[in-house]
Amino acid sequence: MESNKPTVGFLSPQPYMEKAISMMKERYNVHVLTPQGWEKEDVDSIVAECHEQDIQAVAGFAQKDAFHHILINEQLGNRAQSRLAFLYCMNKYLMRTLEEDPFWFEAIDPLHETDEQIISKIAEWPFMLKNTSLSLGRGIFKISTPENLREVLKNYREDTALQELIAFQNEHFSRDINPEDMPPVLPPFIAEHLVDMNQAIEYCYEGYVTAEGEVVHYALTEEVYFSNHQALGYLTPPLSINARQAAAIGAWAKDYMGRLADLGYRNQFFNLEFWIMPGGKIALTEINPRAAHSYHYNYLYSFGTSLFEDNLELVQSGKRLPDSPWQKWVAGEDFKYTLIVLITGKHADRVCNILDYNYVDQLEQDQGILIRHNRQREDQLTREDMTAAGVMLLQLWITGDTVSELIRKEREIRTKIYKQVPDDCEYPGHWVAE
């Protein structure tokens with residue numbers, strides 16, 4: 001290893017991150033680490049490897065890496081967020097309790113409440129019922145009737161494997177928390193207000209908290225949806241709000257994260273998803289206690305900023321970083337628009353029968369477009385794989401000097417890439433190139 005470069009650990013990188021890691025090696029000696037479990041012996045093994053390689057800090061960017069980020073950095077002598085703050089971030093009910101002006105929500109515990117008790121607590125129909133611990137869109141239901149609710153509750157009561165998984169996670173995340181600090185309620189489900197996605201616009205705010213507890217703005221991305229509420233892509237910087245309107249978002253983020261900082265959220269990035277309602281109200285969707293790894297390339301392509309390097313810099317120094325995409329955007333500096341194009345499949349078939357891989361290869365090899373292959377071309381999709389939005393097959397990063405240029409490119413890709421076109425994805429009215 002070169003002694004003039006800091007040595008850092010990158011936790012469980014995914015294949016599409018290879019390009020970013022290659023760029024990081026200009027400034028760092030990057031060592032890939034693949035921690036497995038959360039048990040003491042598993043973590044001790046990785047920490048021993050860090051000492052052998054003189055690794056000074058590690059960072060994880062996926063949800064599965066967030067707890068290892070804490071456990072390993074603690075033993076390396078770096079400041080990490082508290083277990084209590086992490087527990088609040090990993091439970092959709094607890095995170096909602098920190099919101100200053102939340103929509104209606106209620107804790108739901110099917111193992112300790114009867115159907116009738118739960119139904120009596122529901123203040124709004126229809127509503128959303130969400131498992132508080134699952135991620136990636138799993139365990140989320142739109143409940144329209146009491147009969148619909150009874151069916152979901154019955155399925156959960158019969159799913160002992162899921163109950164054991166939730167108990168396992170809560171046991172590990174709660175370890176070393178003072179019993180007096182534990183929240184009084186830690187439910188497996190939350191019932192909450194159903195947001196009308198035809199009225200709200202969803203955004204993703206990236207920020208971080210220094211070791212001293214300062215909440216710092218980092219970036220803002222707009223989530224673009226088809227009219228059926230299926231995600232189209234993620235646009236940086238946003239289209240529907242400008243830098244002059246960002247002050248209200250910044251104030252809301254600092255208020256919310258200030259409450260988490262008081263619980264010990266320190267020296268780590270975070271990712272807030274929220275809605276802006278027609279009247280201007282900002283409502284939390286959820287928080288992720290980590291940087292959002294897929295946005296690394298958005299920030300890099302749009303502003304020349306490395307999210308991965310900045311996360312590691314924060315872990316080591318604990319101090320405010322010199323600049324950010326947010327600062328450049330608000331200051332009116334030059335930037336490009338970057339969109340993650342989401343390509344999904346809704347047919348039970350082999351992926352290569354759903355997408356035209358001659359065209360995919362052309363995009364990747366001839367046009368140099370970065371593609372994340374969420375599913376491989378020979379994978380077989382089944383009906384059991386299907387969610388309401390289908391199955392994520394690819395993510396592509398495209399850029400443009402203007403939004404119109406970007407929209408034209410996205411529409412061209414979506415027109416050419418499918419052999420079996422999803423038949424229920426109507427573009428939103430504003431997604432038109434001028």
# chains A, B, ... in the order shown; residues from 1 in each chain; ligands from 1
call {"tool": "select_by_dssp", "arguments": {"residues": "region 15-162 of chain A", "states": "strand (DSSP E or B)", "output": "PyMOL selection string"}}
result
chain A and resi 29-33+57-59+105-108+127-131+140-143
call {"tool": "write_last_selection", "arguments": {"atoms": "N, CA, C and O atoms", "output": "mmCIF file, in the first residue's frame"}}
result
data_model
loop_
_atom_site.group_PDB
_atom_site.id
_atom_site.type_symbol
_atom_site.label_atom_id
_atom_site.label_comp_id
_atom_site.auth_asym_id
_atom_site.auth_seq_id
_atom_site.Cartn_x
_atom_site.Cartn_y
_atom_site.Cartn_z
ATOM 1 N N ASN A 29 -6.131 4.270 -0.795
ATOM 2 C CA ASN A 29 -5.952 2.826 -0.935
ATOM 3 C C ASN A 29 -7.273 2.192 -0.497
ATOM 4 O O ASN A 29 -7.638 2.257 0.676
ATOM 5 N N VAL A 30 -8.003 1.623 -1.433
ATOM 6 C CA VAL A 30 -9.341 1.103 -1.166
ATOM 7 C C VAL A 30 -9.272 -0.409 -0.975
ATOM 8 O O VAL A 30 -8.788 -1.134 -1.841
ATOM 9 N N HIS A 31 -9.764 -0.856 0.170
ATOM 10 C CA HIS A 31 -9.769 -2.284 0.490
ATOM 11 C C HIS A 31 -11.224 -2.731 0.606
ATOM 12 O O HIS A 31 -11.992 -2.176 1.399
ATOM 13 N N VAL A 32 -11.620 -3.695 -0.188
ATOM 14 C CA VAL A 32 -12.987 -4.202 -0.149
ATOM 15 C C VAL A 32 -13.162 -5.151 1.031
ATOM 16 O O VAL A 32 -12.363 -6.070 1.225
ATOM 17 N N LEU A 33 -14.202 -4.897 1.819
ATOM 18 C CA LEU A 33 -14.522 -5.732 2.977
ATOM 19 C C LEU A 33 -15.915 -6.314 2.795
ATOM 20 O O LEU A 33 -16.820 -5.626 2.318
ATOM 21 N N ALA A 57 -10.732 3.802 8.323
ATOM 22 C CA ALA A 57 -12.171 4.061 8.369
ATOM 23 C C ALA A 57 -12.856 3.178 7.339
ATOM 24 O O ALA A 57 -12.251 2.794 6.337
ATOM 25 N N VAL A 58 -14.124 2.867 7.573
ATOM 26 C CA VAL A 58 -14.917 2.095 6.608
ATOM 27 C C VAL A 58 -16.231 2.826 6.368
ATOM 28 O O VAL A 58 -16.670 3.647 7.178
ATOM 29 N N ALA A 59 -16.854 2.509 5.242
ATOM 30 C CA ALA A 59 -18.165 3.073 4.942
ATOM 31 C C ALA A 59 -18.989 2.051 4.183
ATOM 32 O O ALA A 59 -18.468 1.312 3.340
ATOM 33 N N PHE A 105 -51.019 8.670 12.061
ATOM 34 C CA PHE A 105 -50.371 7.356 12.061
ATOM 35 C C PHE A 105 -50.681 6.655 13.377
ATOM 36 O O PHE A 105 -51.042 7.283 14.366
ATOM 37 N N GLU A 106 -50.524 5.329 13.373
ATOM 38 C CA GLU A 106 -50.868 4.527 14.548
ATOM 39 C C GLU A 106 -50.023 3.260 14.563
ATOM 40 O O GLU A 106 -49.767 2.657 13.508
ATOM 41 N N ALA A 107 -49.558 2.862 15.739
ATOM 42 C CA ALA A 107 -48.823 1.608 15.902
ATOM 43 C C ALA A 107 -49.779 0.429 15.808
ATOM 44 O O ALA A 107 -50.879 0.466 16.373
ATOM 45 N N ILE A 108 -49.338 -0.633 15.102
ATOM 46 C CA ILE A 108 -50.151 -1.833 14.936
ATOM 47 C C ILE A 108 -49.315 -3.052 15.329
ATOM 48 O O ILE A 108 -48.211 -3.243 14.817
ATOM 49 N N PHE A 127 -56.059 3.482 3.880
ATOM 50 C CA PHE A 127 -54.825 3.903 4.532
ATOM 51 C C PHE A 127 -53.699 2.984 4.099
ATOM 52 O O PHE A 127 -53.921 1.970 3.434
ATOM 53 N N MET A 128 -52.483 3.355 4.480
ATOM 54 C CA MET A 128 -51.315 2.516 4.202
ATOM 55 C C MET A 128 -50.960 1.721 5.446
ATOM 56 O O MET A 128 -50.939 2.267 6.559
ATOM 57 N N LEU A 129 -50.696 0.433 5.261
ATOM 58 C CA LEU A 129 -50.195 -0.426 6.331
ATOM 59 C C LEU A 129 -48.802 -0.874 5.922
ATOM 60 O O LEU A 129 -48.622 -1.477 4.859
ATOM 61 N N LYS A 130 -47.814 -0.568 6.759
ATOM 62 C CA LYS A 130 -46.426 -0.855 6.407
ATOM 63 C C LYS A 130 -45.756 -1.662 7.512
ATOM 64 O O LYS A 130 -45.883 -1.323 8.696
ATOM 65 N N ASN A 131 -45.034 -2.684 7.109
ATOM 66 C CA ASN A 131 -44.154 -3.350 8.066
ATOM 67 C C ASN A 131 -43.047 -2.373 8.416
ATOM 68 O O ASN A 131 -42.425 -1.775 7.536
ATOM 69 N N ILE A 140 -45.622 -3.586 2.250
ATOM 70 C CA ILE A 140 -46.397 -2.347 2.193
ATOM 71 C C ILE A 140 -47.723 -2.644 1.509
ATOM 72 O O ILE A 140 -47.758 -3.220 0.420
ATOM 73 N N PHE A 141 -48.818 -2.238 2.155
ATOM 74 C CA PHE A 141 -50.151 -2.569 1.665
ATOM 75 C C PHE A 141 -51.043 -1.331 1.685
ATOM 76 O O PHE A 141 -51.017 -0.552 2.635
ATOM 77 N N LYS A 142 -51.841 -1.175 0.627
ATOM 78 C CA LYS A 142 -52.923 -0.193 0.645
ATOM 79 C C LYS A 142 -54.174 -0.921 1.124
ATOM 80 O O LYS A 142 -54.621 -1.876 0.493
ATOM 81 N N ILE A 143 -54.709 -0.482 2.248
ATOM 82 C CA ILE A 143 -55.852 -1.156 2.869
ATOM 83 C C ILE A 143 -57.108 -0.312 2.651
ATOM 84 O O ILE A 143 -57.173 0.845 3.079
#
call {"tool": "residues_around", "arguments": {"residues": "region 208-224 of chain A", "least_positions_apart": "6", "cutoff": "7 Å", "atoms": "only C-alpha atoms", "output": "list in words"}}
result
Arg79, Glu202, Ala231, Leu232, Gly233, Tyr234, Leu235, Thr236, Pro237, Pro238, Leu239, Gly250, Lys254, Met257, Gly258, Ala261, Arg266, Asn267, Gln268, Phe269, Phe270, Gly318, Lys319, Arg320, Ser324, Pro325 and Trp326 of chain A
call {"tool": "atom_distance", "arguments": {"atom1": "CA of Asn353 (chain A)", "atom2": "CA of Trp397 (chain A)"}}
result
22.7 Å
call {"tool": "residues_around", "arguments": {"residues": "Ile249 (chain A)", "least_positions_apart": "2", "cutoff": "12 Å", "atoms": "only C-alpha atoms", "output": "VMD selection string"}}
result
chain A and resid 203 to 207 217 219 to 221 241 to 247 251 to 256 272 to 276 280 to 284 326
call {"tool": "closest_residue", "arguments": {"among": "A:Pro322, A:Pro428, A:Pro146, A:Gly400", "to": "Gln230 (chain A)", "atoms": "only C-alpha atoms"}}
result
A:Pro428
call {"tool": "residues_around", "arguments": {"residues": "Pro6 (chain A)", "least_positions_apart": "4", "cutoff": "8 Å", "atoms": "only C-alpha atoms", "output": "ChimeraX atom specification"}}
result
/A:27-29,55-56
call {"tool": "closest_residue", "arguments": {"among": "A:Ala191, A:Ile72, A:Asp181, A:Val341", "to": "Ile119 (chain A)", "atoms": "only C-alpha atoms"}}
result
A:Ala191
call {"tool": "closest_residue", "arguments": {"among": "A:Leu370, A:Leu381, A:Cys425, A:Ala292", "to": "Ile398 (chain A)", "atoms": "only C-alpha atoms"}}
result
A:Leu370
call {"tool": "residues_around", "arguments": {"residues": "Arg377 (chain A)", "least_positions_apart": "3", "cutoff": "12 Å", "atoms": "only C-alpha atoms", "output": "PDB file with N, CA and C atoms, in the first residue's frame"}}
result
ATOM      1  N   GLY A 345     -39.716  -4.848 -15.394  1.00  0.00           N
ATOM      2  CA  GLY A 345     -40.411  -5.868 -16.162  1.00  0.00           C
ATOM      3  C   GLY A 345     -41.681  -6.301 -15.456  1.00  0.00           C
ATOM      4  N   ASP A 349     -41.289 -14.114 -17.437  1.00  0.00           N
ATOM      5  CA  ASP A 349     -40.531 -14.587 -18.595  1.00  0.00           C
ATOM      6  C   ASP A 349     -39.055 -14.410 -18.283  1.00  0.00           C
ATOM      7  N   ARG A 350     -38.200 -14.935 -19.162  1.00  0.00           N
ATOM      8  CA  ARG A 350     -36.773 -14.655 -19.039  1.00  0.00           C
ATOM      9  C   ARG A 350     -36.527 -13.187 -19.350  1.00  0.00           C
ATOM     10  N   VAL A 351     -35.570 -12.602 -18.644  1.00  0.00           N
ATOM     11  CA  VAL A 351     -35.320 -11.169 -18.801  1.00  0.00           C
ATOM     12  C   VAL A 351     -34.934 -10.840 -20.237  1.00  0.00           C
ATOM     13  N   CYS A 352     -34.178 -11.735 -20.888  1.00  0.00           N
ATOM     14  CA  CYS A 352     -33.754 -11.471 -22.266  1.00  0.00           C
ATOM     15  C   CYS A 352     -34.914 -11.509 -23.247  1.00  0.00           C
ATOM     16  N   ASN A 353     -36.046 -12.051 -22.832  1.00  0.00           N
ATOM     17  CA  ASN A 353     -37.248 -12.004 -23.662  1.00  0.00           C
ATOM     18  C   ASN A 353     -38.085 -10.755 -23.399  1.00  0.00           C
ATOM     19  N   ILE A 354     -37.754 -10.032 -22.333  1.00  0.00           N
ATOM     20  CA  ILE A 354     -38.463  -8.806 -21.977  1.00  0.00           C
ATOM     21  C   ILE A 354     -37.729  -7.582 -22.514  1.00  0.00           C
ATOM     22  N   LEU A 355     -36.393  -7.616 -22.463  1.00  0.00           N
ATOM     23  CA  LEU A 355     -35.572  -6.491 -22.922  1.00  0.00           C
ATOM     24  C   LEU A 355     -34.763  -6.880 -24.151  1.00  0.00           C
ATOM     25  N   ASP A 356     -34.445  -5.898 -24.971  1.00  0.00           N
ATOM     26  CA  ASP A 356     -33.606  -6.083 -26.156  1.00  0.00           C
ATOM     27  C   ASP A 356     -32.144  -5.879 -25.746  1.00  0.00           C
ATOM     28  N   TYR A 357     -31.429  -6.976 -25.534  1.00  0.00           N
ATOM     29  CA  TYR A 357     -30.065  -6.856 -25.024  1.00  0.00           C
ATOM     30  C   TYR A 357     -29.057  -6.454 -26.091  1.00  0.00           C
ATOM     31  N   ASN A 358     -29.415  -6.531 -27.350  1.00  0.00           N
ATOM     32  CA  ASN A 358     -28.557  -5.927 -28.368  1.00  0.00           C
ATOM     33  C   ASN A 358     -28.513  -4.412 -28.162  1.00  0.00           C
ATOM     34  N   VAL A 360     -29.308  -2.905 -25.220  1.00  0.00           N
ATOM     35  CA  VAL A 360     -28.668  -2.676 -23.920  1.00  0.00           C
ATOM     36  C   VAL A 360     -27.151  -2.670 -24.069  1.00  0.00           C
ATOM     37  N   ASP A 361     -26.614  -3.631 -24.800  1.00  0.00           N
ATOM     38  CA  ASP A 361     -25.164  -3.697 -25.018  1.00  0.00           C
ATOM     39  C   ASP A 361     -24.657  -2.468 -25.770  1.00  0.00           C
ATOM     40  N   HIS A 373     -27.145  -3.693 -13.473  1.00  0.00           N
ATOM     41  CA  HIS A 373     -27.955  -4.848 -13.839  1.00  0.00           C
ATOM     42  C   HIS A 373     -28.548  -5.457 -12.565  1.00  0.00           C
ATOM     43  N   ASN A 374     -29.753  -5.009 -12.214  1.00  0.00           N
ATOM     44  CA  ASN A 374     -30.422  -5.536 -11.027  1.00  0.00           C
ATOM     45  C   ASN A 374     -30.811  -6.995 -11.213  1.00  0.00           C
ATOM     46  N   GLN A 380     -34.985 -15.796 -14.821  1.00  0.00           N
ATOM     47  CA  GLN A 380     -36.389 -16.092 -15.096  1.00  0.00           C
ATOM     48  C   GLN A 380     -37.250 -15.371 -14.066  1.00  0.00           C
ATOM     49  N   LEU A 381     -38.136 -14.488 -14.532  1.00  0.00           N
ATOM     50  CA  LEU A 381     -39.081 -13.836 -13.631  1.00  0.00           C
ATOM     51  C   LEU A 381     -40.322 -14.697 -13.487  1.00  0.00           C
ATOM     52  N   LEU A 393     -35.271  -4.276 -13.353  1.00  0.00           N
ATOM     53  CA  LEU A 393     -34.333  -5.016 -14.199  1.00  0.00           C
ATOM     54  C   LEU A 393     -33.017  -4.266 -14.379  1.00  0.00           C
ATOM     55  N   LEU A 394     -33.120  -2.978 -14.718  1.00  0.00           N
ATOM     56  CA  LEU A 394     -31.923  -2.171 -14.973  1.00  0.00           C
ATOM     57  C   LEU A 394     -32.107  -0.778 -14.398  1.00  0.00           C
TER      58      LEU A 394
END
call {"tool": "closest_residue", "arguments": {"among": "A:Val391, A:Ala80, A:Pro110, A:Met386", "to": "Gln316 (chain A)", "atoms": "only C-alpha atoms"}}
result
A:Ala80
call {"tool": "closest_residue", "arguments": {"among": "A:Val315, A:Val185, A:Ile166, A:Leu94", "to": "Leu76 (chain A)", "atoms": "only C-alpha atoms"}}
result
A:Val315
call {"tool": "closest_residue", "arguments": {"among": "A:Phe308, A:Phe61, A:Thr344, A:Ile122", "to": "Trp104 (chain A)", "atoms": "only C-alpha atoms"}}
result
A:Ile122
call {"tool": "select_by_dssp", "arguments": {"residues": "region 290-407 of chain A", "states": "alpha helix (DSSP H)", "output": "MDAnalysis selection string"}}
result
chainID A and resid 296:303 307:317 325:330 351:354 357:361 403:407
call {"tool": "atom_distance", "arguments": {"atom1": "CA of Gln327 (chain A)", "atom2": "CA of Glu286 (chain A)"}}
result
23.6 Å
call {"tool": "atom_distance", "arguments": {"atom1": "CA of Leu87 (chain A)", "atom2": "CA of Lys64 (chain A)"}}
result
13.8 Å
